[in-house]
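Please read the structure below before turning to the comments.
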Amino acid sequence: MTTTGYILQVISLLGGLALFLFGMDVMGKALERQAGGKLQTILARMSDTPIKGFLLGLAVTAVIQSSSATTVMVVGFVNSGIMVLRQAIGIIMGANVGTTVTAWILSLSSLEGDSFLVQIFKPTTLAPLLGVIGILLYMAGRKESLKGAGMVLLGFMVLMTGMDLMSGAMGFLEDEAWFRDLFLSLQNPVLGVLAGAVLTGIIQSSSASVGILQGLSVTGAVTFGAAIPIIMGQNIGTCVTALLSSVGTTKNARRAAIVHLYFNIIGVILFLTVFYLINFIHPWSFLHDATNAAGIAVVHTTFNVCTTAVLLPLNRVLEKLAMRTIPDSPEPEHTTLLDERLLATPAVAVQRAHEITCRMANESIEAFRIAVGLTHSFDEKKMERLRELEDETDRLEDALGTYLVKLSGEQLAVDDNRRLNTLLYTIGDFERIADHAVDIGKAGREIKEKPVLFSEQAKGELATLARAVEDLLVQTVDSFAHRDLRSAAQVEPQEQVVDWLVHEIKTRHVERLRQGTCTVEYGFVLDDLLTACERIADHCSSVAVEMLQASSGKMERHEYLGALKAGSLEESAQFQQRYQEMKKRYAFPEDLEKAP
């Protein structure tokens with residue numbers, strides 16, 4: 001072959017490799033977006049036993065087509081305190097088996113036969129077919145899920161096209177003596193393992209490196225004797241991603257990454273020892289035979305399944321080994337609530353941010369309950385606890401704000417983008433609720449120090465208001481936590497009832513002032529209490545309306561509320577009905593006594 005011919009073949013080879021890697025990246029990210037934030041819930045809450053963890057790791061990795069992504073997620077979960085090390089071990093083992101699915105998909109190129117079914121599944125036919133279906137779904141699909149499915153198919157088409165182009169461009173290597181000598185030397189187990197580990201460490205994807213090896217197999221120079229140690233090395237090289245992601249994490253997160261490394265190193269040593277020991281006693285006849293894409297997939301799967309079968313029952317041993325490698329230190333460690341490693345899987349990061357916001361919201365409820373108690377019986381220790389909760393909500397708001405801004409730069413599905421916007425708008429509301437709870441606590445101190453005496457009627461009115469505000473807070477946080485729009489739609493009528501209660505209490509206080517049964521000093525404290533309660537209710541309204549608007553994207557907040565109260569919206573009738581029901585529920589004690 002001429003020099004020009006070599007150059008053209010190398011360009012085709014590199015172009016095919018570029019398409020292959022790009023297609024794998026597009027398909028993997030599209031699959032992650034399709035899976036959504038459920039990945040975190042599934043992995044963290046359903047992996048309480050090694051077997052469950054293994055099956056979940058296998059399933060998730062088979063879906064998102066990346067053991068590296070799964071392992072990095074696991075490291076992030078452990079670092080965030082979502083998952084313990086024992087849970088992580090089973091998932092990591094499952095991820096190693098799940099990643100073999102890619103090799104089987106790529107082995108379609110080695111199908112032989114003249115039947116229609118075989119011809120359909122060959123990459124030269126399957127790739128264009130999937131591309132047509134994918135572009136139709138992407139261009140014509142109205143739902144985000146259909147567009148996402150289309151992107152998955154388009155990514156798969158690019159991957160298969162790149163694989164086919166790469167394989168075709170490698171044909172000239174078949175007659176090259178240096179290329180055959182290279183793979184002959186890689187039959188040495190040590191050299192083969194090193195070559196596989198270095199290649200995978202550079203591109204940080206065992207699926208991609210196995211695919212490249214499958215592409216090289218079309219030359220006929222890749223024998224089983226060379227492929228087996230290379231595949232072993234590829235499994236070790238894929239640990240680089242998790243190890244790099246664990247830098248700067250907690251000890252348990254680093255242990256999770258170390259377990260991944262130990263699993264593969266121990267598996268490689270055991271597998272190669274047994275394999276070559278048998279070969280020494282009874283030589284394997286196929287070692288010098290040329291392999292193909294399917295043969296490589298068989299070796300890759302066999303190694304990971306056998307290693308998992310041996311080491312899964314020994315998960316406690318791996319855990320102890322990791323803990324000895326990275327021993328505990330006397331200083332306590334703080335987990336990272338919002339681990340930036342999860343940004344690589346945006347849907348999971350959005351779900352994690354939502355969970356931390358829910359934690360912040362629940363702390364605001366706790367702060368309000370403590371504050372109301374302080375108006376009845378002030379206690380400095382409880383006031384200190386109230387301030388701690390307010391400081392914690394401040395800290396969480398800052399952390400969430402920074403995290404969400406970084407997350408907004410990632411490629412998000414439409415639903416996740418809406419959730420992100422809702423979080424950005426609502427974290428300030430939950431933080432301010434805790435601030436107003438502190439204001440109520442300060443009023444409680446003032447009541448004790450002055451002292452301010454409440455009439456029985458005033459006590460009953462404030463108790464009714466406190467109950468209404470607490471119920472409103474619980475309704476708001478519950479609808480936010482479960483993303484329940486029907487429940488969120490019931491928040492605004494309750495908020496209006498709180499406004500009505502505040503107005504009624506002020507009116508009745510003025511009347512008592514005229515009658516001389518109440519003092520001006522009480523009025524100052526009362527005004528602080530009523531203002532704090534009214535503002536808490538306003539923030540609840542803001543959260544609920546933001547949820548409703550994010551789902552519909554129709555009007556801005558004030559326009560929506562104005563239309564709702566004016567009766568120009570479909571839900572206005574339900575709003576009025578709910579409002580009247582709430583007014584009856586939170587009627588003042590003396591009003592109930594007067595009722596017939």
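Residue numbering restarts at 1 in every chain; chains get A, B, ... in the order shown in the structure tokens, and ligands count up from 1 in that same order.
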Might you pull out every residue within 12 Å of Gly428 in chain A, with only C-alpha atoms counted and same-chain residues fewer than 3 positions away left off, and present them as a compact mmCIF listing (two decimals) with N, CA and C atoms, in the first residue's frame?
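In the end it all went to part_6.txt:
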```txt
# COMPACT_ATOMS: atom_id res chain seq x y z
N THR A 357 -33.46 20.18 49.77
CA THR A 357 -34.43 21.26 49.94
C THR A 357 -35.58 20.82 50.84
N MET A 360 -34.44 21.04 54.31
CA MET A 360 -34.46 22.44 54.70
C MET A 360 -35.90 22.87 55.05
N ALA A 361 -36.86 22.44 54.26
CA ALA A 361 -38.26 22.80 54.49
C ALA A 361 -38.77 22.22 55.80
N SER A 364 -37.64 24.15 58.67
CA SER A 364 -38.43 25.37 58.83
C SER A 364 -39.71 25.10 59.62
N THR A 393 -30.66 26.48 57.95
CA THR A 393 -31.38 26.80 56.71
C THR A 393 -30.62 27.83 55.88
N ASP A 394 -29.94 28.76 56.56
CA ASP A 394 -29.09 29.73 55.84
C ASP A 394 -27.97 29.00 55.09
N ARG A 395 -27.33 28.08 55.81
CA ARG A 395 -26.21 27.33 55.22
C ARG A 395 -26.69 26.49 54.03
N LEU A 396 -27.83 25.84 54.20
CA LEU A 396 -28.35 25.00 53.12
C LEU A 396 -28.76 25.84 51.92
N GLU A 397 -29.33 27.02 52.17
CA GLU A 397 -29.71 27.89 51.04
C GLU A 397 -28.48 28.29 50.24
N ASP A 398 -27.40 28.66 50.93
CA ASP A 398 -26.17 29.04 50.22
C ASP A 398 -25.61 27.87 49.42
N ALA A 399 -25.56 26.69 50.07
CA ALA A 399 -25.01 25.50 49.39
C ALA A 399 -25.87 25.12 48.19
N LEU A 400 -27.19 25.13 48.37
CA LEU A 400 -28.10 24.77 47.28
C LEU A 400 -28.02 25.77 46.14
N GLY A 401 -27.95 27.05 46.47
CA GLY A 401 -27.88 28.07 45.43
C GLY A 401 -26.66 27.88 44.55
N THR A 422 -37.75 25.45 39.78
CA THR A 422 -38.59 25.48 40.99
C THR A 422 -37.72 25.53 42.24
N LEU A 423 -36.67 24.73 42.27
CA LEU A 423 -35.77 24.72 43.42
C LEU A 423 -35.09 26.07 43.61
N LEU A 424 -34.64 26.65 42.51
CA LEU A 424 -33.97 27.95 42.59
C LEU A 424 -34.90 29.02 43.18
N TYR A 425 -36.18 28.95 42.83
CA TYR A 425 -37.13 29.95 43.29
C TYR A 425 -37.61 29.70 44.72
N GLU A 431 -36.01 29.32 53.51
CA GLU A 431 -35.05 29.97 54.41
C GLU A 431 -35.71 31.12 55.16
N ARG A 432 -36.55 31.89 54.45
CA ARG A 432 -37.21 33.03 55.07
C ARG A 432 -38.25 32.59 56.10
N ILE A 433 -38.85 31.44 55.89
CA ILE A 433 -39.80 30.92 56.88
C ILE A 433 -39.10 30.73 58.23
N ALA A 434 -37.89 30.17 58.19
CA ALA A 434 -37.12 30.00 59.43
C ALA A 434 -36.77 31.35 60.05
N ASP A 435 -36.48 32.35 59.21
CA ASP A 435 -36.19 33.70 59.72
C ASP A 435 -37.39 34.26 60.47
N ILE A 536 -44.99 34.17 56.68
CA ILE A 536 -44.78 32.73 56.50
C ILE A 536 -45.80 32.17 55.52
N HIS A 539 -44.92 33.04 51.95
CA HIS A 539 -43.86 32.20 51.39
C HIS A 539 -44.40 30.82 51.01
N CYS A 540 -45.35 30.31 51.79
CA CYS A 540 -45.99 29.03 51.42
C CYS A 540 -46.71 29.18 50.09
N SER A 542 -46.00 31.28 47.76
CA SER A 542 -44.99 31.44 46.71
C SER A 542 -44.47 30.08 46.24
N VAL A 543 -44.24 29.17 47.19
CA VAL A 543 -43.75 27.83 46.84
C VAL A 543 -44.78 27.08 46.01
```
Within 8 Å of range 490-499 of chain A using only C-alpha atoms, minus same-chain residues under 3 positions, as a compact mmCIF listing (two decimals) with C-alpha atoms, in the first residue's frame:
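Okay, part.txt is ready:
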```
# COMPACT_ATOMS: atom_id res chain seq x y z
CA LEU A 465 -53.88 31.28 63.86
CA ALA A 468 -53.76 27.37 60.63
CA VAL A 469 -50.19 28.44 59.80
CA LEU A 472 -50.46 25.44 55.87
CA GLN A 475 -49.49 21.10 53.41
CA THR A 476 -46.93 23.14 51.46
CA ARG A 486 -53.26 18.70 43.36
CA SER A 487 -52.11 19.21 46.93
CA VAL A 502 -54.74 38.06 60.71
CA HIS A 503 -57.17 40.78 59.65
CA CYS A 533 -47.36 34.54 60.53
CA GLU A 534 -48.66 36.45 57.51
CA ALA A 537 -48.11 32.14 54.76
CA ASP A 538 -46.98 34.33 51.84
CA CYS A 540 -45.99 29.03 51.42
CA SER A 541 -48.12 30.57 48.68
CA ALA A 544 -47.08 26.34 45.79
CA VAL A 545 -47.66 28.82 42.95
CA PHE A 575 -60.49 27.83 45.12
CA GLN A 576 -63.60 29.54 46.51
CA ARG A 578 -61.79 25.36 49.52
CA TYR A 579 -61.52 28.87 50.98
CA MET A 582 -60.99 26.48 55.53
CA LYS A 583 -62.75 29.50 57.08
```
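The gap separating CA of Thr302 in chain A from CA of Pro189 in chain A is 17.3 Å, in Å to one decimal.
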Between A:Trp104, A:Phe430, A:Tyr403, A:Phe524, which has the minimum distance to Lys450 in chain A (counting only C-alpha atoms)?
-> A:Phe524
Which neighbours of Leu243 in chain A fall inside 9 Å, counting only C-alpha atoms, when residues of the same chain fewer than 4 positions from it are skipped, and could you give them as a compact mmCIF listing (two decimals) with N, CA and C atoms, in the first residue's frame?
```txt
# COMPACT_ATOMS: atom_id res chain seq x y z
N VAL A 72 -18.98 6.09 39.75
CA VAL A 72 -18.80 7.48 40.19
C VAL A 72 -20.03 7.94 40.97
N CYS A 239 -11.07 1.35 36.57
CA CYS A 239 -11.12 1.84 37.96
C CYS A 239 -10.56 3.25 38.08
N VAL A 247 -10.96 11.53 44.91
CA VAL A 247 -9.98 12.45 45.49
C VAL A 247 -10.70 13.57 46.24
N ARG A 254 -13.73 7.04 49.48
CA ARG A 254 -12.47 6.53 48.92
C ARG A 254 -12.41 5.01 49.04
N ALA A 257 -14.22 3.44 46.11
CA ALA A 257 -13.38 3.42 44.90
C ALA A 257 -12.31 2.35 45.00
N ILE A 258 -11.73 2.17 46.20
CA ILE A 258 -10.70 1.15 46.41
C ILE A 258 -11.29 -0.26 46.26
N HIS A 260 -13.67 -1.10 44.29
CA HIS A 260 -13.78 -1.31 42.84
C HIS A 260 -12.44 -1.79 42.28
N LEU A 261 -11.36 -1.16 42.72
CA LEU A 261 -10.02 -1.55 42.25
C LEU A 261 -9.65 -2.94 42.75
```
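Proximity of A:Val132, A:Val63, A:Ile440, A:Ser68 to Gly201 in chain A, computed with only C-alpha atoms, is greatest for A:Ser68.
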Could you pull out the alpha helix (DSSP H) residues of range 97-238 of chain A, going by DSSP on the backbone, and write them as a short mmCIF file (atom, residue, chain, number, x, y, z; two decimals) with N, CA and C atoms, in the first residue's frame?
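Result saved to out33.cif:
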```cif
data_model
loop_
_atom_site.label_atom_id
_atom_site.label_comp_id
_atom_site.auth_asym_id
_atom_site.auth_seq_id
_atom_site.Cartn_x
_atom_site.Cartn_y
_atom_site.Cartn_z
N VAL A 97 -20.64 -6.42 35.79
CA VAL A 97 -21.33 -7.38 34.92
C VAL A 97 -22.23 -6.64 33.93
N GLY A 98 -22.89 -5.58 34.40
CA GLY A 98 -23.80 -4.82 33.54
C GLY A 98 -23.11 -4.20 32.34
N THR A 100 -20.96 -5.44 30.49
CA THR A 100 -20.69 -6.40 29.41
C THR A 100 -21.77 -6.37 28.34
N VAL A 101 -22.92 -5.74 28.65
CA VAL A 101 -24.00 -5.67 27.67
C VAL A 101 -23.53 -4.94 26.41
N THR A 102 -22.71 -3.90 26.59
CA THR A 102 -22.23 -3.13 25.45
C THR A 102 -21.47 -4.02 24.47
N ALA A 103 -20.61 -4.87 25.01
CA ALA A 103 -19.82 -5.77 24.15
C ALA A 103 -20.72 -6.69 23.34
N TRP A 104 -21.80 -7.14 23.93
CA TRP A 104 -22.72 -8.03 23.20
C TRP A 104 -23.45 -7.27 22.09
N ILE A 105 -23.79 -6.02 22.36
CA ILE A 105 -24.44 -5.21 21.32
C ILE A 105 -23.48 -5.01 20.15
N LEU A 106 -22.21 -4.72 20.48
CA LEU A 106 -21.22 -4.48 19.43
C LEU A 106 -20.85 -5.76 18.67
N PHE A 116 -32.89 -13.20 6.53
CA PHE A 116 -33.34 -11.81 6.64
C PHE A 116 -33.07 -11.26 8.04
N LEU A 117 -33.31 -12.08 9.09
CA LEU A 117 -33.13 -11.63 10.47
C LEU A 117 -31.67 -11.27 10.74
N VAL A 118 -30.75 -12.10 10.26
CA VAL A 118 -29.32 -11.84 10.46
C VAL A 118 -28.93 -10.56 9.74
N GLN A 119 -29.41 -10.40 8.51
CA GLN A 119 -29.07 -9.21 7.73
C GLN A 119 -29.60 -7.93 8.38
N ILE A 120 -30.79 -8.01 9.01
CA ILE A 120 -31.37 -6.85 9.68
C ILE A 120 -30.52 -6.42 10.86
N PHE A 121 -29.96 -7.39 11.60
CA PHE A 121 -29.20 -7.08 12.81
C PHE A 121 -27.74 -6.76 12.54
N PRO A 123 -24.76 -4.34 11.58
CA PRO A 123 -24.64 -2.89 11.77
C PRO A 123 -24.93 -2.08 10.50
N THR A 124 -24.54 -2.62 9.33
CA THR A 124 -24.75 -1.86 8.09
C THR A 124 -26.23 -1.65 7.78
N THR A 125 -27.09 -2.53 8.33
CA THR A 125 -28.54 -2.39 8.14
C THR A 125 -29.20 -1.79 9.38
N LEU A 126 -28.79 -2.27 10.56
CA LEU A 126 -29.42 -1.86 11.81
C LEU A 126 -29.18 -0.37 12.11
N ALA A 127 -27.95 0.10 11.86
CA ALA A 127 -27.62 1.49 12.18
C ALA A 127 -28.49 2.48 11.40
N PRO A 128 -28.60 2.36 10.07
CA PRO A 128 -29.48 3.30 9.35
C PRO A 128 -30.94 3.18 9.77
N LEU A 129 -31.38 1.95 10.04
CA LEU A 129 -32.77 1.74 10.46
C LEU A 129 -33.06 2.45 11.78
N LEU A 130 -32.17 2.28 12.75
CA LEU A 130 -32.33 2.94 14.05
C LEU A 130 -32.22 4.46 13.90
N GLY A 131 -31.36 4.89 12.97
CA GLY A 131 -31.21 6.32 12.73
C GLY A 131 -32.50 6.94 12.21
N VAL A 132 -33.17 6.26 11.30
CA VAL A 132 -34.44 6.76 10.75
C VAL A 132 -35.49 6.84 11.86
N ILE A 133 -35.61 5.77 12.64
CA ILE A 133 -36.59 5.76 13.73
C ILE A 133 -36.25 6.85 14.75
N GLY A 134 -34.95 6.95 15.06
CA GLY A 134 -34.50 7.92 16.05
C GLY A 134 -34.79 9.35 15.65
N ILE A 135 -34.51 9.70 14.40
CA ILE A 135 -34.72 11.09 13.96
C ILE A 135 -36.21 11.41 13.88
N LEU A 136 -37.05 10.42 13.54
CA LEU A 136 -38.49 10.64 13.52
C LEU A 136 -39.01 10.93 14.94
N LEU A 137 -38.53 10.14 15.91
CA LEU A 137 -38.94 10.35 17.29
C LEU A 137 -38.45 11.70 17.81
N TYR A 138 -37.22 12.04 17.45
CA TYR A 138 -36.62 13.28 17.95
C TYR A 138 -37.28 14.52 17.34
N MET A 139 -37.57 14.45 16.04
CA MET A 139 -38.12 15.61 15.35
C MET A 139 -39.63 15.74 15.54
N ALA A 140 -40.33 14.61 15.54
CA ALA A 140 -41.79 14.65 15.57
C ALA A 140 -42.37 14.41 16.96
N GLU A 144 -41.21 14.69 25.91
CA GLU A 144 -39.76 14.67 26.15
C GLU A 144 -39.23 13.23 26.14
N SER A 145 -40.04 12.28 26.63
CA SER A 145 -39.61 10.89 26.67
C SER A 145 -39.37 10.34 25.26
N LEU A 146 -40.22 10.76 24.30
CA LEU A 146 -40.05 10.30 22.92
C LEU A 146 -38.80 10.91 22.30
N LYS A 147 -38.57 12.19 22.57
CA LYS A 147 -37.35 12.83 22.06
C LYS A 147 -36.12 12.17 22.66
N GLY A 148 -36.20 11.83 23.95
CA GLY A 148 -35.08 11.17 24.61
C GLY A 148 -34.80 9.80 24.01
N ALA A 149 -35.88 9.04 23.72
CA ALA A 149 -35.72 7.73 23.09
C ALA A 149 -35.10 7.89 21.70
N GLY A 150 -35.52 8.94 20.99
CA GLY A 150 -34.93 9.21 19.68
C GLY A 150 -33.45 9.50 19.77
N MET A 151 -33.05 10.25 20.78
CA MET A 151 -31.63 10.58 20.97
C MET A 151 -30.81 9.32 21.29
N VAL A 152 -31.41 8.41 22.07
CA VAL A 152 -30.73 7.15 22.37
C VAL A 152 -30.46 6.38 21.08
N LEU A 153 -31.47 6.29 20.23
CA LEU A 153 -31.32 5.55 18.97
C LEU A 153 -30.32 6.24 18.04
N LEU A 154 -30.34 7.56 18.01
CA LEU A 154 -29.37 8.29 17.18
C LEU A 154 -27.95 8.07 17.68
N GLY A 155 -27.79 8.07 19.00
CA GLY A 155 -26.47 7.80 19.57
C GLY A 155 -26.00 6.40 19.21
N PHE A 156 -26.94 5.44 19.28
CA PHE A 156 -26.60 4.06 18.93
C PHE A 156 -26.23 3.95 17.45
N MET A 157 -26.94 4.70 16.59
CA MET A 157 -26.62 4.68 15.16
C MET A 157 -25.20 5.21 14.93
N VAL A 158 -24.86 6.32 15.57
CA VAL A 158 -23.52 6.89 15.41
C VAL A 158 -22.47 5.92 15.91
N LEU A 159 -22.75 5.29 17.07
CA LEU A 159 -21.81 4.31 17.64
C LEU A 159 -21.56 3.17 16.67
N MET A 160 -22.65 2.58 16.13
CA MET A 160 -22.52 1.44 15.22
C MET A 160 -21.86 1.85 13.91
N THR A 161 -22.17 3.05 13.43
CA THR A 161 -21.54 3.54 12.20
C THR A 161 -20.05 3.72 12.40
N GLY A 162 -19.68 4.29 13.55
CA GLY A 162 -18.26 4.45 13.87
C GLY A 162 -17.56 3.12 13.99
N MET A 163 -18.23 2.16 14.62
CA MET A 163 -17.66 0.82 14.76
C MET A 163 -17.43 0.18 13.39
N ASP A 164 -18.41 0.32 12.51
CA ASP A 164 -18.30 -0.26 11.17
C ASP A 164 -17.19 0.41 10.37
N LEU A 165 -17.11 1.76 10.46
CA LEU A 165 -16.07 2.51 9.76
C LEU A 165 -14.68 2.16 10.30
N MET A 166 -14.59 2.02 11.61
CA MET A 166 -13.33 1.68 12.24
C MET A 166 -12.88 0.28 11.83
N SER A 167 -13.82 -0.65 11.85
CA SER A 167 -13.48 -2.04 11.47
C SER A 167 -13.03 -2.11 10.02
N GLY A 168 -13.74 -1.38 9.14
CA GLY A 168 -13.36 -1.40 7.73
C GLY A 168 -12.00 -0.79 7.49
N ALA A 169 -11.66 0.26 8.26
CA ALA A 169 -10.38 0.94 8.07
C ALA A 169 -9.22 0.13 8.61
N ALA A 177 3.18 -7.03 9.24
CA ALA A 177 3.92 -7.92 10.14
C ALA A 177 4.07 -7.33 11.54
N TRP A 178 4.33 -6.00 11.61
CA TRP A 178 4.54 -5.37 12.92
C TRP A 178 3.28 -5.44 13.78
N PHE A 179 2.10 -5.39 13.11
CA PHE A 179 0.84 -5.44 13.85
C PHE A 179 0.63 -6.84 14.43
N ARG A 180 0.94 -7.85 13.63
CA ARG A 180 0.81 -9.22 14.12
C ARG A 180 1.81 -9.49 15.23
N ASP A 181 3.03 -8.96 15.07
CA ASP A 181 4.04 -9.14 16.11
C ASP A 181 3.62 -8.46 17.42
N LEU A 182 2.94 -7.30 17.28
CA LEU A 182 2.46 -6.58 18.47
C LEU A 182 1.51 -7.45 19.27
N PHE A 183 0.52 -8.04 18.59
CA PHE A 183 -0.45 -8.85 19.31
C PHE A 183 0.13 -10.20 19.74
N LEU A 184 1.15 -10.63 19.05
CA LEU A 184 1.84 -11.85 19.48
C LEU A 184 2.53 -11.60 20.82
N SER A 185 3.14 -10.40 20.95
CA SER A 185 3.82 -10.06 22.21
C SER A 185 2.82 -9.86 23.34
N PRO A 189 0.89 -12.48 29.49
CA PRO A 189 -0.17 -11.98 30.36
C PRO A 189 0.13 -10.62 30.98
N VAL A 190 1.38 -10.42 31.40
CA VAL A 190 1.73 -9.16 32.06
C VAL A 190 1.62 -7.99 31.08
N LEU A 191 2.19 -8.16 29.87
CA LEU A 191 2.14 -7.10 28.87
C LEU A 191 0.70 -6.84 28.42
N GLY A 192 -0.07 -7.92 28.26
CA GLY A 192 -1.46 -7.78 27.84
C GLY A 192 -2.30 -7.02 28.85
N VAL A 193 -2.14 -7.36 30.14
CA VAL A 193 -2.87 -6.68 31.21
C VAL A 193 -2.49 -5.20 31.25
N LEU A 194 -1.19 -4.91 31.15
CA LEU A 194 -0.73 -3.52 31.17
C LEU A 194 -1.29 -2.73 29.99
N ALA A 195 -1.26 -3.34 28.79
CA ALA A 195 -1.77 -2.65 27.60
C ALA A 195 -3.25 -2.33 27.75
N GLY A 196 -4.03 -3.30 28.22
CA GLY A 196 -5.47 -3.09 28.40
C GLY A 196 -5.76 -2.04 29.46
N ALA A 197 -4.99 -2.06 30.54
CA ALA A 197 -5.20 -1.10 31.64
C ALA A 197 -4.86 0.32 31.19
N VAL A 198 -3.75 0.48 30.47
CA VAL A 198 -3.33 1.81 30.02
C VAL A 198 -4.34 2.39 29.03
N LEU A 199 -4.76 1.57 28.04
CA LEU A 199 -5.73 2.06 27.05
C LEU A 199 -7.02 2.51 27.72
N THR A 200 -7.54 1.67 28.63
CA THR A 200 -8.81 2.00 29.29
C THR A 200 -8.64 3.18 30.24
N GLY A 201 -7.49 3.26 30.90
CA GLY A 201 -7.23 4.39 31.79
C GLY A 201 -7.20 5.71 31.04
N ILE A 202 -6.71 5.68 29.81
CA ILE A 202 -6.63 6.91 29.01
C ILE A 202 -8.01 7.37 28.57
N ILE A 203 -8.82 6.44 28.03
CA ILE A 203 -10.14 6.85 27.54
C ILE A 203 -11.23 6.73 28.61
N SER A 206 -14.30 1.23 29.94
CA SER A 206 -14.00 -0.15 29.56
C SER A 206 -14.87 -0.57 28.38
N SER A 207 -16.10 -0.07 28.30
CA SER A 207 -16.98 -0.41 27.18
C SER A 207 -16.36 0.06 25.87
N ALA A 208 -15.80 1.27 25.86
CA ALA A 208 -15.19 1.80 24.65
C ALA A 208 -13.93 1.03 24.29
N SER A 209 -13.10 0.70 25.30
CA SER A 209 -11.85 -0.01 24.99
C SER A 209 -12.13 -1.43 24.52
N VAL A 210 -13.16 -2.05 25.09
CA VAL A 210 -13.55 -3.39 24.61
C VAL A 210 -14.06 -3.28 23.18
N GLY A 211 -14.83 -2.22 22.89
CA GLY A 211 -15.32 -2.01 21.52
C GLY A 211 -14.18 -1.82 20.54
N ILE A 212 -13.14 -1.09 20.94
CA ILE A 212 -11.97 -0.89 20.07
C ILE A 212 -11.29 -2.23 19.81
N LEU A 213 -11.17 -3.05 20.84
CA LEU A 213 -10.57 -4.39 20.67
C LEU A 213 -11.41 -5.24 19.73
N GLN A 214 -12.73 -5.11 19.85
CA GLN A 214 -13.61 -5.84 18.94
C GLN A 214 -13.41 -5.36 17.50
N GLY A 215 -13.21 -4.06 17.34
CA GLY A 215 -12.94 -3.53 16.00
C GLY A 215 -11.63 -4.07 15.45
N LEU A 216 -10.60 -4.16 16.30
CA LEU A 216 -9.30 -4.68 15.87
C LEU A 216 -9.36 -6.16 15.49
N PHE A 224 -7.13 -15.28 20.89
CA PHE A 224 -7.66 -15.41 22.25
C PHE A 224 -6.54 -15.24 23.28
N GLY A 225 -5.36 -15.73 22.94
CA GLY A 225 -4.23 -15.61 23.86
C GLY A 225 -3.86 -14.17 24.15
N ALA A 226 -4.05 -13.27 23.17
CA ALA A 226 -3.78 -11.85 23.39
C ALA A 226 -5.00 -11.13 23.96
N ALA A 227 -6.20 -11.52 23.52
CA ALA A 227 -7.41 -10.82 23.94
C ALA A 227 -7.71 -11.01 25.42
N ILE A 228 -7.46 -12.21 25.95
CA ILE A 228 -7.82 -12.48 27.35
C ILE A 228 -7.09 -11.57 28.33
N PRO A 229 -5.74 -11.49 28.28
CA PRO A 229 -5.08 -10.58 29.22
C PRO A 229 -5.41 -9.11 28.97
N ILE A 230 -5.61 -8.72 27.70
CA ILE A 230 -5.99 -7.33 27.42
C ILE A 230 -7.32 -7.00 28.08
N ILE A 231 -8.29 -7.91 27.98
CA ILE A 231 -9.60 -7.69 28.60
C ILE A 231 -9.47 -7.61 30.11
N MET A 232 -8.59 -8.43 30.68
CA MET A 232 -8.35 -8.37 32.13
C MET A 232 -7.83 -6.97 32.50
N GLY A 233 -6.89 -6.48 31.71
CA GLY A 233 -6.33 -5.15 31.97
C GLY A 233 -7.37 -4.05 31.81
N GLN A 234 -8.29 -4.23 30.86
CA GLN A 234 -9.33 -3.23 30.65
C GLN A 234 -10.22 -3.10 31.88
N ASN A 235 -10.47 -4.20 32.55
CA ASN A 235 -11.27 -4.15 33.77
C ASN A 235 -10.55 -3.41 34.90
N ILE A 236 -9.24 -3.50 34.92
CA ILE A 236 -8.47 -2.76 35.93
C ILE A 236 -8.42 -1.28 35.56
N GLY A 237 -8.21 -1.00 34.28
CA GLY A 237 -8.10 0.39 33.82
C GLY A 237 -9.36 1.21 34.05
#
```
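Nearest residue to Met323 in chain A, choosing from A:Val259, A:Met547, A:Ala371, A:Ala221 and counting only C-alpha atoms: A:Val259.
The space between CA of Gly57 in chain A and CA of Ala95 in chain A spans 4.7 Å.
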Hey, can you check how far CA of Gly523 in chain A sits from CA of Phe454 in chain A?
->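 Going from CA of Gly523 in chain A over to CA of Phe454 in chain A covers 10.3 Å.
Compared by their closest atoms to Asn304 in chain A, and using only C-alpha atoms, the residues A:Gln549, A:Asn96, A:Gln411, A:Thr49 rank with A:Asn96 nearest.
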Can you list, as an MDAnalysis selection string, every protein, DNA or RNA residue that comes within 12 Å of Arg385 in chain A when you count only C-alpha atoms, leaving out same-chain residues fewer than 2 positions away?
-> chainID A and resid 363 366:371 374 379:383 387:392 434 437:438 441
In terms of only C-alpha atoms, the residue from A:Ala88, A:Ile82, A:Val298, A:Ala344 at minimal distance from Glu319 in chain A is A:Ala88
